[in-house]
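Novice: My questions all concern the structure below.
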Amino acid sequence: MQSRRIGAVEVSAIGLGGMPMSIEGRPEEARSVATIHAALDAGVTLIDTADAYHWHADEVGHNESLIAKALASYGGDSDGVLVATKGGHLRPGDGSWTLDGRPEHIKAACEASLRRLGVEAIGLYQFHRPDPAVPYEESVGALAELLDAGKIRMAGISNASPDRIRLSQEILGGRLVSVQNQFSPAYRSSEPELTLCDELGIAFLPWSPLGGIAHAGELGSSYGEFAKVAAAHGVSPQQVCLAWLLALSPVVVPIPGSSRPETIRDSVAAAELTLDADEITRLSAAG
């Protein structure tokens, strides 16, 4: 497994996104635990979650609790696994997503995440999404306070613009280590953020790198160039997509969501797939 860096921490080049294991349509818990264990067996050392990854209103933090359970029951060594979680998003239980970027909410959410994950400090804590009702600098200021208090070891932001990346870096005193934005063949609008992260040496974590839960399986049929390159290498279009993302910049760490052991194993194999310059150019021009 190739490695990349988030702040001072070395992580696997491919991470595991936990959301599909906890929202609507989620599998039985045993399959989810098996998926997490398969990821660990394959060398994954980055797991992405959030307190908002749940289905019903009374199960906030479902995915965090699931990951904590899977790590505790894993037969191997999981001490080097970085669990990245987020706060600032809410799910009332009716299928909608709401926002709360108030500093007091973010700090309380962090405390709850600490309890669910069973750790003294969260490895990477990220502000989930800007709240228009709260000044952005106040929300990010809460991350600075959590860092100073030792509640979190590293801080990141998600769904951020270039201006907010720069502002966050200033507020955090140069301690911003990651930006998690949507990026995939279907969604290229975060290219300016990726470029800025590359310039600043900040990890860029593409969420829904395969196009999202509903569309990941159709990637090859939707983007023919990915299917062609996949056929040439004898691998899946999804694997080609992740290898392409890795080739865009050394700061990119994709976090494909998975709820099956076989899909995360396929994703992890992308770290060993080498694309030539012509293939990368063709893939970048697709979509």
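In the structure tokens, each chain is lettered A, B, ... as it comes, each chain's residues begin at 1, and ligands are numbered from 1 in order of appearance.
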List the spatial neighbours of Arg129 in chain A as a PyMOL selection string - criterion: any atom at most 10 Å away, only C-alpha atoms, same-chain residues fewer than 3 positions off excluded.
Specialist: chain A and resi 86-89+98-101+126+132+136+139+157-160+180-181
Novice: Convert the current residue selection to file output with all heavy atoms, as a compact mmCIF listing (two decimals), in the first residue's frame.
Specialist:
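Listing of again.txt after writing:
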# COMPACT_ATOMS: atom_id res chain seq x y z
N LYS A 86 -16.26 14.32 11.63
CA LYS A 86 -16.70 15.68 11.31
C LYS A 86 -17.87 16.09 12.18
O LYS A 86 -18.63 15.24 12.65
CB LYS A 86 -17.12 15.76 9.83
CG LYS A 86 -16.01 15.42 8.86
CD LYS A 86 -16.45 15.51 7.41
CE LYS A 86 -17.30 14.35 6.95
NZ LYS A 86 -16.57 13.06 6.93
N GLY A 87 -18.02 17.40 12.35
CA GLY A 87 -19.16 17.96 13.07
C GLY A 87 -19.65 19.21 12.38
O GLY A 87 -18.90 19.87 11.66
N GLY A 88 -20.93 19.54 12.59
CA GLY A 88 -21.50 20.73 11.99
C GLY A 88 -22.66 20.44 11.05
O GLY A 88 -23.35 21.36 10.60
N HIS A 89 -22.88 19.17 10.76
CA HIS A 89 -24.02 18.74 9.96
C HIS A 89 -24.98 18.00 10.89
O HIS A 89 -24.55 17.36 11.85
CB HIS A 89 -23.54 17.78 8.86
CG HIS A 89 -23.94 18.19 7.47
ND1 HIS A 89 -25.00 19.02 7.20
CD2 HIS A 89 -23.43 17.84 6.26
CE1 HIS A 89 -25.10 19.18 5.88
NE2 HIS A 89 -24.14 18.48 5.29
N THR A 98 -29.32 19.18 7.77
CA THR A 98 -29.35 20.56 8.22
C THR A 98 -27.97 20.95 8.74
O THR A 98 -27.05 20.13 8.78
CB THR A 98 -30.41 20.76 9.32
OG1 THR A 98 -30.11 19.91 10.43
CG2 THR A 98 -31.80 20.42 8.79
N LEU A 99 -27.82 22.22 9.13
CA LEU A 99 -26.52 22.75 9.51
C LEU A 99 -26.55 23.38 10.90
O LEU A 99 -27.56 23.96 11.30
CB LEU A 99 -26.06 23.80 8.50
CG LEU A 99 -25.94 23.34 7.04
CD1 LEU A 99 -25.80 24.56 6.12
CD2 LEU A 99 -24.75 22.42 6.89
N ASP A 100 -25.43 23.28 11.60
CA ASP A 100 -25.25 24.01 12.85
C ASP A 100 -23.76 24.26 13.03
O ASP A 100 -23.02 23.39 13.49
CB ASP A 100 -25.80 23.23 14.05
CG ASP A 100 -25.87 24.10 15.31
OD1 ASP A 100 -25.18 25.14 15.35
OD2 ASP A 100 -26.62 23.75 16.25
N GLY A 101 -23.32 25.44 12.62
CA GLY A 101 -21.91 25.78 12.71
C GLY A 101 -21.57 26.61 13.92
O GLY A 101 -20.46 27.16 13.99
N GLN A 126 -12.99 17.56 11.51
CA GLN A 126 -13.24 18.47 10.41
C GLN A 126 -14.59 19.18 10.55
O GLN A 126 -15.57 18.55 10.95
CB GLN A 126 -13.22 17.68 9.09
CG GLN A 126 -11.94 16.90 8.87
CD GLN A 126 -12.13 15.70 7.94
OE1 GLN A 126 -11.81 15.77 6.77
NE2 GLN A 126 -12.67 14.61 8.47
N PRO A 132 -24.55 29.11 6.73
CA PRO A 132 -24.76 30.52 6.36
C PRO A 132 -25.22 31.40 7.52
O PRO A 132 -25.05 32.62 7.46
CB PRO A 132 -25.85 30.43 5.28
CG PRO A 132 -25.77 29.04 4.74
CD PRO A 132 -25.37 28.20 5.91
N TYR A 136 -18.19 32.19 9.30
CA TYR A 136 -17.30 31.05 9.10
C TYR A 136 -16.12 31.06 10.06
O TYR A 136 -15.70 30.02 10.58
CB TYR A 136 -16.80 31.04 7.65
CG TYR A 136 -16.15 29.75 7.22
CD1 TYR A 136 -16.90 28.61 7.00
CD2 TYR A 136 -14.77 29.67 7.04
CE1 TYR A 136 -16.30 27.42 6.60
CE2 TYR A 136 -14.16 28.49 6.63
CZ TYR A 136 -14.94 27.37 6.42
OH TYR A 136 -14.34 26.19 6.02
N SER A 139 -16.94 29.40 13.33
CA SER A 139 -16.98 27.94 13.28
C SER A 139 -15.57 27.36 13.29
O SER A 139 -15.26 26.43 14.05
CB SER A 139 -17.72 27.47 12.02
OG SER A 139 -19.04 27.95 11.99
N ILE A 157 -11.23 20.97 7.19
CA ILE A 157 -12.52 21.55 6.80
C ILE A 157 -13.06 20.77 5.61
O ILE A 157 -12.31 20.10 4.90
CB ILE A 157 -12.41 23.05 6.45
CG1 ILE A 157 -11.33 23.28 5.38
CG2 ILE A 157 -12.10 23.87 7.71
CD1 ILE A 157 -11.21 24.73 4.91
N SER A 158 -14.35 20.87 5.40
CA SER A 158 -14.99 20.15 4.31
C SER A 158 -15.93 21.09 3.57
O SER A 158 -16.49 22.02 4.15
CB SER A 158 -15.77 18.95 4.88
OG SER A 158 -16.30 18.15 3.85
N ASN A 159 -16.10 20.81 2.28
CA ASN A 159 -16.99 21.63 1.44
C ASN A 159 -16.59 23.10 1.49
O ASN A 159 -17.42 23.98 1.74
CB ASN A 159 -18.45 21.44 1.89
CG ASN A 159 -18.87 19.98 1.84
OD1 ASN A 159 -18.95 19.38 0.77
ND2 ASN A 159 -19.13 19.40 3.01
N ALA A 160 -15.32 23.34 1.24
CA ALA A 160 -14.75 24.68 1.39
C ALA A 160 -14.28 25.27 0.06
O ALA A 160 -13.84 24.55 -0.83
CB ALA A 160 -13.58 24.64 2.36
N GLN A 180 -11.71 18.44 2.63
CA GLN A 180 -12.51 17.33 2.10
C GLN A 180 -13.65 17.91 1.25
O GLN A 180 -14.61 18.46 1.78
CB GLN A 180 -13.06 16.48 3.24
CG GLN A 180 -13.79 15.24 2.75
CD GLN A 180 -14.26 14.35 3.88
OE1 GLN A 180 -15.32 13.75 3.81
NE2 GLN A 180 -13.47 14.25 4.94
N ASN A 181 -13.50 17.82 -0.06
CA ASN A 181 -14.50 18.34 -1.00
C ASN A 181 -14.93 17.24 -1.96
O ASN A 181 -14.19 16.28 -2.19
CB ASN A 181 -13.93 19.50 -1.83
CG ASN A 181 -14.00 20.84 -1.11
OD1 ASN A 181 -14.14 20.90 0.10
ND2 ASN A 181 -13.88 21.91 -1.86
Novice: Tell me which of A:Ala42, A:Ile106, A:Leu219, A:Ile47 sits closest to Thr85 in chain A, counting only C-alpha atoms.
Specialist: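 Under the stated criterion, the closest residue is A:Ile47.
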Novice: Skip range 193-204 of chain A itself and residues of its chain fewer than 6 positions away, then list as a PyMOL selection string all residues within 12 Å of it, counting only C-alpha atoms.
Specialist: chain A and resi 4-11+13-15+124+154-166+168-169+174-184+245-246+248-255
Novice: Name the residues in contact with Glu64 in chain A at a cut-off of 7 Å, using only C-alpha atoms, excluding same-chain residues fewer than 4 positions from it; report them as a compact mmCIF listing (two decimals) with C-alpha atoms, in the first residue's frame.
Specialist:
# COMPACT_ATOMS: atom_id res chain seq x y z
CA THR A 49 -16.78 9.23 9.28
CA ALA A 50 -19.04 11.95 10.76
CA ASP A 51 -21.56 12.25 13.55
CA ALA A 68 -15.22 1.98 17.13
CA ARG A 116 -18.43 7.30 20.84
CA LEU A 117 -14.96 6.67 19.41
Novice: Which of range 54-192 of chain A end up as strand (DSSP E or B) when DSSP is run on this backbone - answer as a list of chain:residue names?
Specialist: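 Of range 54-192 of chain A, only A:Leu82, A:Val83, A:Ala84, A:Thr85, A:Lys86, A:Gly87, A:His89, A:Leu90, A:Thr98, A:Leu99, A:Ile122, A:Leu124, A:Tyr125, A:Gln126, A:Phe127, A:Ile152, A:Ala155, A:Gly156, A:Ile157, A:Ser158, A:Leu176, A:Val177, A:Ser178, A:Val179, A:Gln180, A:Gln182, A:Ser184, A:Tyr187 fall in strand (DSSP E or B).
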Novice: The selected residues should be written to file as an mmCIF file, in the first residue's frame (atoms: N, CA and C atoms).
Specialist:
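Produced file result37.cif, reproduced below:
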data_model
loop_
_atom_site.group_PDB
_atom_site.id
_atom_site.type_symbol
_atom_site.label_atom_id
_atom_site.label_comp_id
_atom_site.auth_asym_id
_atom_site.auth_seq_id
_atom_site.Cartn_x
_atom_site.Cartn_y
_atom_site.Cartn_z
ATOM 1 N N LEU A 82 -5.916 6.111 11.485
ATOM 2 C CA LEU A 82 -6.400 7.469 11.732
ATOM 3 C C LEU A 82 -7.899 7.509 11.438
ATOM 4 N N VAL A 83 -8.686 7.781 12.451
ATOM 5 C CA VAL A 83 -10.131 7.948 12.266
ATOM 6 C C VAL A 83 -10.408 9.443 12.181
ATOM 7 N N ALA A 84 -10.937 9.851 11.038
ATOM 8 C CA ALA A 84 -11.268 11.256 10.807
ATOM 9 C C ALA A 84 -12.775 11.410 10.896
ATOM 10 N N THR A 85 -13.240 12.298 11.756
ATOM 11 C CA THR A 85 -14.677 12.518 11.852
ATOM 12 C C THR A 85 -14.980 14.001 11.668
ATOM 13 N N LYS A 86 -16.262 14.317 11.629
ATOM 14 C CA LYS A 86 -16.696 15.681 11.306
ATOM 15 C C LYS A 86 -17.866 16.085 12.181
ATOM 16 N N GLY A 87 -18.023 17.403 12.348
ATOM 17 C CA GLY A 87 -19.156 17.958 13.073
ATOM 18 C C GLY A 87 -19.655 19.212 12.383
ATOM 19 N N HIS A 89 -22.884 19.167 10.761
ATOM 20 C CA HIS A 89 -24.021 18.737 9.957
ATOM 21 C C HIS A 89 -24.980 17.999 10.885
ATOM 22 N N LEU A 90 -26.270 18.035 10.569
ATOM 23 C CA LEU A 90 -27.270 17.342 11.369
ATOM 24 C C LEU A 90 -28.242 16.613 10.451
ATOM 25 N N THR A 98 -29.316 19.177 7.769
ATOM 26 C CA THR A 98 -29.354 20.557 8.220
ATOM 27 C C THR A 98 -27.968 20.951 8.741
ATOM 28 N N LEU A 99 -27.818 22.216 9.126
ATOM 29 C CA LEU A 99 -26.517 22.746 9.514
ATOM 30 C C LEU A 99 -26.548 23.379 10.900
ATOM 31 N N ILE A 122 -9.344 13.113 19.233
ATOM 32 C CA ILE A 122 -9.707 12.682 17.880
ATOM 33 C C ILE A 122 -8.539 12.971 16.942
ATOM 34 N N LEU A 124 -8.307 13.345 13.588
ATOM 35 C CA LEU A 124 -8.576 14.432 12.642
ATOM 36 C C LEU A 124 -10.037 14.816 12.773
ATOM 37 N N TYR A 125 -10.288 16.078 13.131
ATOM 38 C CA TYR A 125 -11.658 16.569 13.278
ATOM 39 C C TYR A 125 -11.884 17.669 12.259
ATOM 40 N N GLN A 126 -12.986 17.563 11.514
ATOM 41 C CA GLN A 126 -13.235 18.470 10.407
ATOM 42 C C GLN A 126 -14.587 19.182 10.554
ATOM 43 N N PHE A 127 -14.606 20.449 10.211
ATOM 44 C CA PHE A 127 -15.857 21.195 10.158
ATOM 45 C C PHE A 127 -16.574 20.743 8.893
ATOM 46 N N ILE A 152 -8.549 17.452 19.965
ATOM 47 C CA ILE A 152 -8.293 16.915 18.628
ATOM 48 C C ILE A 152 -6.808 17.093 18.316
ATOM 49 N N ALA A 155 -6.803 19.345 12.537
ATOM 50 C CA ALA A 155 -8.051 19.991 12.137
ATOM 51 C C ALA A 155 -8.144 20.093 10.627
ATOM 52 N N GLY A 156 -9.364 19.904 10.116
ATOM 53 C CA GLY A 156 -9.611 20.027 8.693
ATOM 54 C C GLY A 156 -10.963 20.677 8.454
ATOM 55 N N ILE A 157 -11.233 20.973 7.192
ATOM 56 C CA ILE A 157 -12.516 21.550 6.805
ATOM 57 C C ILE A 157 -13.060 20.770 5.611
ATOM 58 N N SER A 158 -14.349 20.875 5.405
ATOM 59 C CA SER A 158 -14.990 20.153 4.310
ATOM 60 C C SER A 158 -15.933 21.088 3.568
ATOM 61 N N LEU A 176 -4.039 23.987 9.517
ATOM 62 C CA LEU A 176 -5.019 23.283 8.685
ATOM 63 C C LEU A 176 -4.303 22.157 7.938
ATOM 64 N N VAL A 177 -4.782 20.924 8.098
ATOM 65 C CA VAL A 177 -4.077 19.790 7.471
ATOM 66 C C VAL A 177 -4.857 19.135 6.337
ATOM 67 N N SER A 178 -6.179 19.396 6.243
ATOM 68 C CA SER A 178 -6.949 18.691 5.216
ATOM 69 C C SER A 178 -8.154 19.494 4.757
ATOM 70 N N VAL A 179 -8.515 19.238 3.509
ATOM 71 C CA VAL A 179 -9.738 19.787 2.912
ATOM 72 C C VAL A 179 -10.471 18.618 2.269
ATOM 73 N N GLN A 180 -11.710 18.445 2.630
ATOM 74 C CA GLN A 180 -12.512 17.335 2.098
ATOM 75 C C GLN A 180 -13.647 17.914 1.254
ATOM 76 N N GLN A 182 -16.091 17.415 -2.540
ATOM 77 C CA GLN A 182 -16.544 16.469 -3.549
ATOM 78 C C GLN A 182 -15.693 16.617 -4.810
ATOM 79 N N SER A 184 -14.813 14.090 -8.490
ATOM 80 C CA SER A 184 -14.935 12.836 -9.218
ATOM 81 C C SER A 184 -15.008 13.164 -10.706
ATOM 82 N N TYR A 187 -17.860 15.375 -11.095
ATOM 83 C CA TYR A 187 -17.909 16.617 -10.315
ATOM 84 C C TYR A 187 -16.512 17.197 -10.231
#
Novice: Using DSSP assignments from the backbone, pull out every residue in range 90-273 of chain A that falls under helix (DSSP H, G or I) and give it to me as an MDAnalysis selection string.
Specialist: chainID A and resid 103:117 136:148 162:171 191:200 216:222 224:233 237:248 261:272
Novice: Counting only C-alpha atoms, what is within 9 Å of Glu24 in chain A, bar same-chain residues fewer than 4 positions away, as an MDAnalysis selection string?
Specialist: chainID A and resid 20 54:56 95
Novice: Any chance you can output those residues with all heavy atoms as a PDB file, in the first residue's frame?
Specialist:
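As a result, out38.pdb now contains:
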ATOM      1  N   PRO A  20     -21.818   4.918   3.671  1.00  0.00           N
ATOM      2  CA  PRO A  20     -22.795   3.934   3.183  1.00  0.00           C
ATOM      3  C   PRO A  20     -23.177   2.869   4.204  1.00  0.00           C
ATOM      4  O   PRO A  20     -24.212   2.197   4.043  1.00  0.00           O
ATOM      5  CB  PRO A  20     -22.076   3.291   1.983  1.00  0.00           C
ATOM      6  CG  PRO A  20     -21.056   4.289   1.559  1.00  0.00           C
ATOM      7  CD  PRO A  20     -20.603   4.946   2.830  1.00  0.00           C
ATOM      8  N   HIS A  54     -25.893   8.812   9.925  1.00  0.00           N
ATOM      9  CA  HIS A  54     -26.886   7.948  10.580  1.00  0.00           C
ATOM     10  C   HIS A  54     -28.182   8.071   9.808  1.00  0.00           C
ATOM     11  O   HIS A  54     -28.304   8.869   8.878  1.00  0.00           O
ATOM     12  CB  HIS A  54     -27.066   8.333  12.051  1.00  0.00           C
ATOM     13  CG  HIS A  54     -27.592   9.721  12.282  1.00  0.00           C
ATOM     14  ND1 HIS A  54     -28.940  10.011  12.398  1.00  0.00           N
ATOM     15  CD2 HIS A  54     -26.949  10.908  12.415  1.00  0.00           C
ATOM     16  CE1 HIS A  54     -29.092  11.306  12.600  1.00  0.00           C
ATOM     17  NE2 HIS A  54     -27.902  11.885  12.612  1.00  0.00           N
ATOM     18  N   TRP A  55     -29.154   7.291  10.183  1.00  0.00           N
ATOM     19  CA  TRP A  55     -30.436   7.251   9.467  1.00  0.00           C
ATOM     20  C   TRP A  55     -31.530   7.899  10.299  1.00  0.00           C
ATOM     21  O   TRP A  55     -32.128   8.898   9.900  1.00  0.00           O
ATOM     22  CB  TRP A  55     -30.752   5.792   9.170  1.00  0.00           C
ATOM     23  CG  TRP A  55     -31.969   5.522   8.320  1.00  0.00           C
ATOM     24  CD1 TRP A  55     -32.954   6.408   7.948  1.00  0.00           C
ATOM     25  CD2 TRP A  55     -32.309   4.277   7.723  1.00  0.00           C
ATOM     26  NE1 TRP A  55     -33.881   5.774   7.170  1.00  0.00           N
ATOM     27  CE2 TRP A  55     -33.512   4.467   7.000  1.00  0.00           C
ATOM     28  CE3 TRP A  55     -31.719   3.011   7.720  1.00  0.00           C
ATOM     29  CZ2 TRP A  55     -34.142   3.415   6.304  1.00  0.00           C
ATOM     30  CZ3 TRP A  55     -32.346   1.981   7.029  1.00  0.00           C
ATOM     31  CH2 TRP A  55     -33.533   2.194   6.331  1.00  0.00           C
ATOM     32  N   HIS A  56     -31.760   7.348  11.487  1.00  0.00           N
ATOM     33  CA  HIS A  56     -32.864   7.807  12.324  1.00  0.00           C
ATOM     34  C   HIS A  56     -32.421   8.913  13.286  1.00  0.00           C
ATOM     35  O   HIS A  56     -31.237   9.016  13.623  1.00  0.00           O
ATOM     36  CB  HIS A  56     -33.456   6.628  13.094  1.00  0.00           C
ATOM     37  CG  HIS A  56     -33.821   5.471  12.210  1.00  0.00           C
ATOM     38  ND1 HIS A  56     -34.853   5.533  11.300  1.00  0.00           N
ATOM     39  CD2 HIS A  56     -33.259   4.243  12.067  1.00  0.00           C
ATOM     40  CE1 HIS A  56     -34.938   4.378  10.649  1.00  0.00           C
ATOM     41  NE2 HIS A  56     -33.969   3.586  11.083  1.00  0.00           N
ATOM     42  N   GLY A  95     -34.691  12.335   6.408  1.00  0.00           N
ATOM     43  CA  GLY A  95     -33.961  12.244   5.150  1.00  0.00           C
ATOM     44  C   GLY A  95     -33.227  13.516   4.771  1.00  0.00           C
ATOM     45  O   GLY A  95     -32.430  13.519   3.835  1.00  0.00           O
TER      46      GLY A  95
END
Novice: Give me the residues within 12 Å of Ser222 in chain A as an MDAnalysis selection string, counting only C-alpha atoms and dropping any in the same chain fewer than 2 places off.
Specialist: chainID A and resid 185:186 210:211 215:220 224:228 237:238 286:287
Novice: Take the residues just selected and output them with N, CA, C and O atoms as a PDB file, in the first residue's frame.
Specialist:
ATOM      1  N   PRO A 185     -15.024  12.158 -11.586  1.00  0.00           N
ATOM      2  CA  PRO A 185     -15.206  12.455 -13.008  1.00  0.00           C
ATOM      3  C   PRO A 185     -16.482  13.248 -13.286  1.00  0.00           C
ATOM      4  O   PRO A 185     -16.536  14.045 -14.222  1.00  0.00           O
ATOM      5  N   ALA A 186     -17.491  13.055 -12.439  1.00  0.00           N
ATOM      6  CA  ALA A 186     -18.764  13.740 -12.629  1.00  0.00           C
ATOM      7  C   ALA A 186     -18.803  15.114 -11.981  1.00  0.00           C
ATOM      8  O   ALA A 186     -19.691  15.918 -12.273  1.00  0.00           O
ATOM      9  N   LEU A 210     -16.053   8.242  -6.647  1.00  0.00           N
ATOM     10  CA  LEU A 210     -16.548   7.396  -7.734  1.00  0.00           C
ATOM     11  C   LEU A 210     -17.898   7.875  -8.251  1.00  0.00           C
ATOM     12  O   LEU A 210     -18.540   7.201  -9.057  1.00  0.00           O
ATOM     13  N   GLY A 211     -18.338   9.045  -7.784  1.00  0.00           N
ATOM     14  CA  GLY A 211     -19.593   9.608  -8.270  1.00  0.00           C
ATOM     15  C   GLY A 211     -20.770   9.462  -7.338  1.00  0.00           C
ATOM     16  O   GLY A 211     -21.891   9.851  -7.690  1.00  0.00           O
ATOM     17  N   HIS A 215     -24.321   6.102  -8.158  1.00  0.00           N
ATOM     18  CA  HIS A 215     -23.745   6.129  -9.506  1.00  0.00           C
ATOM     19  C   HIS A 215     -22.391   5.432  -9.635  1.00  0.00           C
ATOM     20  O   HIS A 215     -21.899   5.278 -10.757  1.00  0.00           O
ATOM     21  N   ALA A 216     -21.789   5.023  -8.538  1.00  0.00           N
ATOM     22  CA  ALA A 216     -20.444   4.444  -8.595  1.00  0.00           C
ATOM     23  C   ALA A 216     -20.382   3.219  -9.508  1.00  0.00           C
ATOM     24  O   ALA A 216     -19.425   3.024 -10.256  1.00  0.00           O
ATOM     25  N   GLY A 217     -21.414   2.393  -9.458  1.00  0.00           N
ATOM     26  CA  GLY A 217     -21.424   1.180 -10.270  1.00  0.00           C
ATOM     27  C   GLY A 217     -21.527   1.446 -11.756  1.00  0.00           C
ATOM     28  O   GLY A 217     -21.221   0.568 -12.571  1.00  0.00           O
ATOM     29  N   GLU A 218     -21.983   2.642 -12.135  1.00  0.00           N
ATOM     30  CA  GLU A 218     -22.177   2.985 -13.539  1.00  0.00           C
ATOM     31  C   GLU A 218     -21.021   3.802 -14.107  1.00  0.00           C
ATOM     32  O   GLU A 218     -21.102   4.299 -15.226  1.00  0.00           O
ATOM     33  N   LEU A 219     -19.938   3.939 -13.353  1.00  0.00           N
ATOM     34  CA  LEU A 219     -18.852   4.831 -13.773  1.00  0.00           C
ATOM     35  C   LEU A 219     -18.328   4.469 -15.158  1.00  0.00           C
ATOM     36  O   LEU A 219     -18.130   5.332 -16.006  1.00  0.00           O
ATOM     37  N   GLY A 220     -18.129   3.182 -15.410  1.00  0.00           N
ATOM     38  CA  GLY A 220     -17.589   2.754 -16.695  1.00  0.00           C
ATOM     39  C   GLY A 220     -18.509   3.027 -17.865  1.00  0.00           C
ATOM     40  O   GLY A 220     -18.058   3.414 -18.952  1.00  0.00           O
ATOM     41  N   GLY A 224     -16.768   6.498 -20.849  1.00  0.00           N
ATOM     42  CA  GLY A 224     -16.176   5.446 -21.664  1.00  0.00           C
ATOM     43  C   GLY A 224     -14.672   5.360 -21.598  1.00  0.00           C
ATOM     44  O   GLY A 224     -14.095   4.264 -21.695  1.00  0.00           O
ATOM     45  N   GLU A 225     -13.991   6.501 -21.429  1.00  0.00           N
ATOM     46  CA  GLU A 225     -12.534   6.481 -21.389  1.00  0.00           C
ATOM     47  C   GLU A 225     -12.034   5.698 -20.189  1.00  0.00           C
ATOM     48  O   GLU A 225     -11.009   5.000 -20.264  1.00  0.00           O
ATOM     49  N   PHE A 226     -12.748   5.797 -19.075  1.00  0.00           N
ATOM     50  CA  PHE A 226     -12.366   5.043 -17.878  1.00  0.00           C
ATOM     51  C   PHE A 226     -12.538   3.549 -18.127  1.00  0.00           C
ATOM     52  O   PHE A 226     -11.728   2.736 -17.659  1.00  0.00           O
ATOM     53  N   ALA A 227     -13.591   3.181 -18.853  1.00  0.00           N
ATOM     54  CA  ALA A 227     -13.811   1.776 -19.193  1.00  0.00           C
ATOM     55  C   ALA A 227     -12.716   1.263 -20.126  1.00  0.00           C
ATOM     56  O   ALA A 227     -12.241   0.127 -19.982  1.00  0.00           O
ATOM     57  N   LYS A 228     -12.301   2.076 -21.077  1.00  0.00           N
ATOM     58  CA  LYS A 228     -11.253   1.669 -22.026  1.00  0.00           C
ATOM     59  C   LYS A 228      -9.930   1.432 -21.309  1.00  0.00           C
ATOM     60  O   LYS A 228      -9.240   0.434 -21.551  1.00  0.00           O
ATOM     61  N   PRO A 237     -13.278  -0.057 -13.834  1.00  0.00           N
ATOM     62  CA  PRO A 237     -13.251   1.400 -14.061  1.00  0.00           C
ATOM     63  C   PRO A 237     -13.113   2.175 -12.757  1.00  0.00           C
ATOM     64  O   PRO A 237     -12.504   3.247 -12.727  1.00  0.00           O
ATOM     65  N   GLN A 238     -13.677   1.617 -11.686  1.00  0.00           N
ATOM     66  CA  GLN A 238     -13.589   2.290 -10.387  1.00  0.00           C
ATOM     67  C   GLN A 238     -12.140   2.353  -9.907  1.00  0.00           C
ATOM     68  O   GLN A 238     -11.688   3.363  -9.363  1.00  0.00           O
ATOM     69  N   ALA A 286     -11.858  13.482 -20.022  1.00  0.00           N
ATOM     70  CA  ALA A 286     -13.180  12.831 -20.065  1.00  0.00           C
ATOM     71  C   ALA A 286     -14.127  13.529 -19.080  1.00  0.00           C
ATOM     72  O   ALA A 286     -13.713  14.213 -18.163  1.00  0.00           O
ATOM     73  N   GLY A 287     -15.398  13.271 -19.265  1.00  0.00           N
ATOM     74  CA  GLY A 287     -16.377  13.819 -18.336  1.00  0.00           C
ATOM     75  C   GLY A 287     -16.913  15.159 -18.769  1.00  0.00           C
ATOM     76  O   GLY A 287     -16.542  15.716 -19.765  1.00  0.00           O
TER      77      GLY A 287
END
Novice: Counting only C-alpha atoms, which of A:Ala144, A:Ile23, A:Ala38, A:Val81 gets nearest to Val60 in chain A?
Specialist: A:Ile23
Novice: Can you tell me, as a compact mmCIF listing (two decimals) with all heavy atoms, in the first residue's frame, what residues are no more than 12 Å from Ala277 in chain A when counting only C-alpha atoms, ignoring any on the same chain fewer than 6 positions away?
Specialist:
# COMPACT_ATOMS: atom_id res chain seq x y z
N TRP A 244 -6.41 7.43 -11.10
CA TRP A 244 -6.34 8.74 -11.76
C TRP A 244 -6.32 9.87 -10.74
O TRP A 244 -5.51 10.80 -10.84
CB TRP A 244 -7.53 8.89 -12.71
CG TRP A 244 -7.79 10.28 -13.19
CD1 TRP A 244 -7.03 11.01 -14.06
CD2 TRP A 244 -8.91 11.12 -12.83
NE1 TRP A 244 -7.61 12.25 -14.26
CE2 TRP A 244 -8.75 12.34 -13.52
CE3 TRP A 244 -10.01 10.94 -12.01
CZ2 TRP A 244 -9.67 13.38 -13.40
CZ3 TRP A 244 -10.92 11.97 -11.87
CH2 TRP A 244 -10.75 13.18 -12.57
N ALA A 247 -3.04 10.20 -9.18
CA ALA A 247 -2.03 10.74 -10.10
C ALA A 247 -2.12 12.25 -10.26
O ALA A 247 -1.17 12.88 -10.73
CB ALA A 247 -2.18 10.08 -11.47
N LEU A 248 -3.23 12.85 -9.85
CA LEU A 248 -3.42 14.29 -10.03
C LEU A 248 -2.51 15.11 -9.13
O LEU A 248 -2.07 16.20 -9.50
CB LEU A 248 -4.88 14.68 -9.77
CG LEU A 248 -5.91 14.13 -10.75
CD1 LEU A 248 -7.31 14.56 -10.34
CD2 LEU A 248 -5.60 14.57 -12.18
N LEU A 283 -8.00 10.61 -19.39
CA LEU A 283 -8.98 10.53 -18.30
C LEU A 283 -9.36 11.92 -17.81
O LEU A 283 -10.52 12.20 -17.51
CB LEU A 283 -8.44 9.68 -17.16
CG LEU A 283 -8.21 8.20 -17.48
CD1 LEU A 283 -7.46 7.51 -16.35
CD2 LEU A 283 -9.53 7.49 -17.76
N SER A 284 -8.37 12.80 -17.73
CA SER A 284 -8.64 14.16 -17.27
C SER A 284 -9.51 14.93 -18.25
O SER A 284 -10.24 15.85 -17.87
CB SER A 284 -7.32 14.91 -17.05
OG SER A 284 -6.58 14.34 -15.98
Novice: What is the distance between CA of Leu273 in chain A and CA of Val229 in chain A, in Å to one decimal?
Specialist: 11.2 Å
Novice: Can you tell me how far CA of Tyr53 in chain A sits from CA of Leu172 in chain A, in Å to one decimal?
Specialist: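 Answer for the CA of Tyr53 in chain A to CA of Leu172 in chain A separation: 26.0 Å.
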Novice: In Å, how far is it from CA of Thr35 in chain A to CA of Pro92 in chain A?
Specialist: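 Between CA of Thr35 in chain A and CA of Pro92 in chain A the gap works out to 27.0 Å.
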Novice: Closest to Leu46 in chain A among A:Leu66, A:Val268, A:Ala142, A:Leu147, using only C-alpha atoms?
Specialist: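 The answer is A:Val268, which sits nearest to Leu46 in chain A.
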Novice: Calculated over only C-alpha atoms, which of the candidates A:Ser259, A:Ser73, A:Thr45, A:Thr274 has the smallest distance to Ser3 in chain A?
Specialist: A:Thr45
